[in-house]
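Report on the structure given below.
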Amino acid sequence: PQCTHKNRKVIQVVQSKQQMEKSEVLVAGKYILKEKIGKGSFGQIYHGINKETKEEVAIKLESVTQKSQQLLYEAKIYKKLQGGIGIPKLHWVGVQGEFNVMVIDLLGSNLEELRIKHGNTLSLKTVLLIGEQIVQSTLNISDFKIGIYSLQRLPPSRYQAGKFFDWEV
């Protein structure tokens with residue numbers, strides 16, 4: 001449900017699947033908040049759907065009361081990197097109720113998940129495709145002079161396959 005509090009929509013974090021199915025939590029007036037798909041070091045990530053286009057997205061939430069807020073900074077970086085190889089599209093960013101919110105493309109599995117899913121073995125072709133994408137996205141990041149600090153924070157779990165990327169594994 002949508003609620004208003006001082007003319008702002010408030011995201012009600014739904015605690016169970018039954019509540020999730022009964023209610024429709026909207027982000028930015030058009031993204032339906034679905035199930036939780038992950039947790040980062042400073043927020044939670046939810047599966048979402050654009051109610052107009054039915055496009056699947058990832059919705060990242062961070063409490064505005066959190067001591068160390070990073071989500072809006074992350075969104076600024078995504079804005080600078082838009083259009084680069086391996087960079088998800090930023091659909092919306094803002095403050096909604098008690099949360100900083102960012103809506104981006106929903107990506108596929110991260111490298112750690114791919115490795116585990118395929119019995120710790122990836123084909124040579126897959127390794128080369130992954131390597132090429134990592135090099136291209138890293139060059140893209142350095143082209144925007146975001147800084148070496150950002151590159152140091154990119155462990156394998158940060159690299160994700162595009163949702164529809166057809167890797168041979």
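Identifiers in the structure tokens: chain A, B, ... in order shown; residue index from 1 per chain; ligand index from 1 in order shown.
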Please report as CSV every residue of region 52-86 of chain A lying within 12 Å of region 116-139 of chain A, along with the nearest atom pair and their distance in Å (one decimal), using only C-alpha atoms.
```
residue,atom,partner,partner_atom,distance
A:Leu81,CA,A:Ser137,CA,9.4
A:Gln82,CA,A:Ser137,CA,11.3
A:Gly83,CA,A:Ser137,CA,10.6
A:Gly84,CA,A:Ser137,CA,6.9
A:Ile85,CA,A:Ser137,CA,5.3
A:Gly86,CA,A:Ser137,CA,5.7
```
**Item:** Residues near Thr53 (chain A), cut-off 12 Å, only C-alpha atoms, skip fewer than 5 positions along chain, as a list in words
**Value:**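 Within the cut-off, the hits are Lys30, Tyr31, Ile32 and Gly48 of chain A.
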Preceding selection exported with all heavy atoms as a PDB file, in the first residue's frame:
```
ATOM      1  N   LYS A  30       6.007   3.709  -9.726  1.00  0.00           N
ATOM      2  CA  LYS A  30       5.833   2.764 -10.832  1.00  0.00           C
ATOM      3  C   LYS A  30       6.588   1.452 -10.710  1.00  0.00           C
ATOM      4  O   LYS A  30       6.414   0.564 -11.537  1.00  0.00           O
ATOM      5  CB  LYS A  30       6.174   3.429 -12.154  1.00  0.00           C
ATOM      6  CG  LYS A  30       7.629   3.750 -12.391  1.00  0.00           C
ATOM      7  CD  LYS A  30       7.776   4.348 -13.784  1.00  0.00           C
ATOM      8  CE  LYS A  30       9.222   4.577 -14.153  1.00  0.00           C
ATOM      9  NZ  LYS A  30       9.348   5.081 -15.520  1.00  0.00           N
ATOM     10  N   TYR A  31       7.406   1.291  -9.698  1.00  0.00           N
ATOM     11  CA  TYR A  31       8.137   0.039  -9.513  1.00  0.00           C
ATOM     12  C   TYR A  31       7.536  -0.743  -8.355  1.00  0.00           C
ATOM     13  O   TYR A  31       7.473  -0.246  -7.238  1.00  0.00           O
ATOM     14  CB  TYR A  31       9.630   0.298  -9.264  1.00  0.00           C
ATOM     15  CG  TYR A  31      10.290   1.013 -10.421  1.00  0.00           C
ATOM     16  CD1 TYR A  31      10.517   2.377 -10.368  1.00  0.00           C
ATOM     17  CD2 TYR A  31      10.653   0.323 -11.567  1.00  0.00           C
ATOM     18  CE1 TYR A  31      11.106   3.044 -11.428  1.00  0.00           C
ATOM     19  CE2 TYR A  31      11.243   0.978 -12.638  1.00  0.00           C
ATOM     20  CZ  TYR A  31      11.464   2.344 -12.556  1.00  0.00           C
ATOM     21  OH  TYR A  31      12.044   2.999 -13.614  1.00  0.00           O
ATOM     22  N   ILE A  32       7.104  -1.959  -8.636  1.00  0.00           N
ATOM     23  CA  ILE A  32       6.498  -2.803  -7.611  1.00  0.00           C
ATOM     24  C   ILE A  32       7.617  -3.539  -6.877  1.00  0.00           C
ATOM     25  O   ILE A  32       8.414  -4.245  -7.496  1.00  0.00           O
ATOM     26  CB  ILE A  32       5.514  -3.813  -8.228  1.00  0.00           C
ATOM     27  CG1 ILE A  32       4.422  -3.079  -9.017  1.00  0.00           C
ATOM     28  CG2 ILE A  32       4.910  -4.708  -7.146  1.00  0.00           C
ATOM     29  CD1 ILE A  32       3.577  -3.989  -9.895  1.00  0.00           C
ATOM     30  N   GLY A  48      12.246  -6.143  -8.335  1.00  0.00           N
ATOM     31  CA  GLY A  48      11.140  -5.239  -8.602  1.00  0.00           C
ATOM     32  C   GLY A  48      10.675  -5.369 -10.034  1.00  0.00           C
ATOM     33  O   GLY A  48      11.368  -5.933 -10.880  1.00  0.00           O
TER      34      GLY A  48
END
```
**Item:** Top pick for closest residue to Gly94 (chain A), considering A:Leu61, A:Lys67, A:Glu113, A:Leu33 and counting only C-alpha atoms
**Value:** A:Leu61
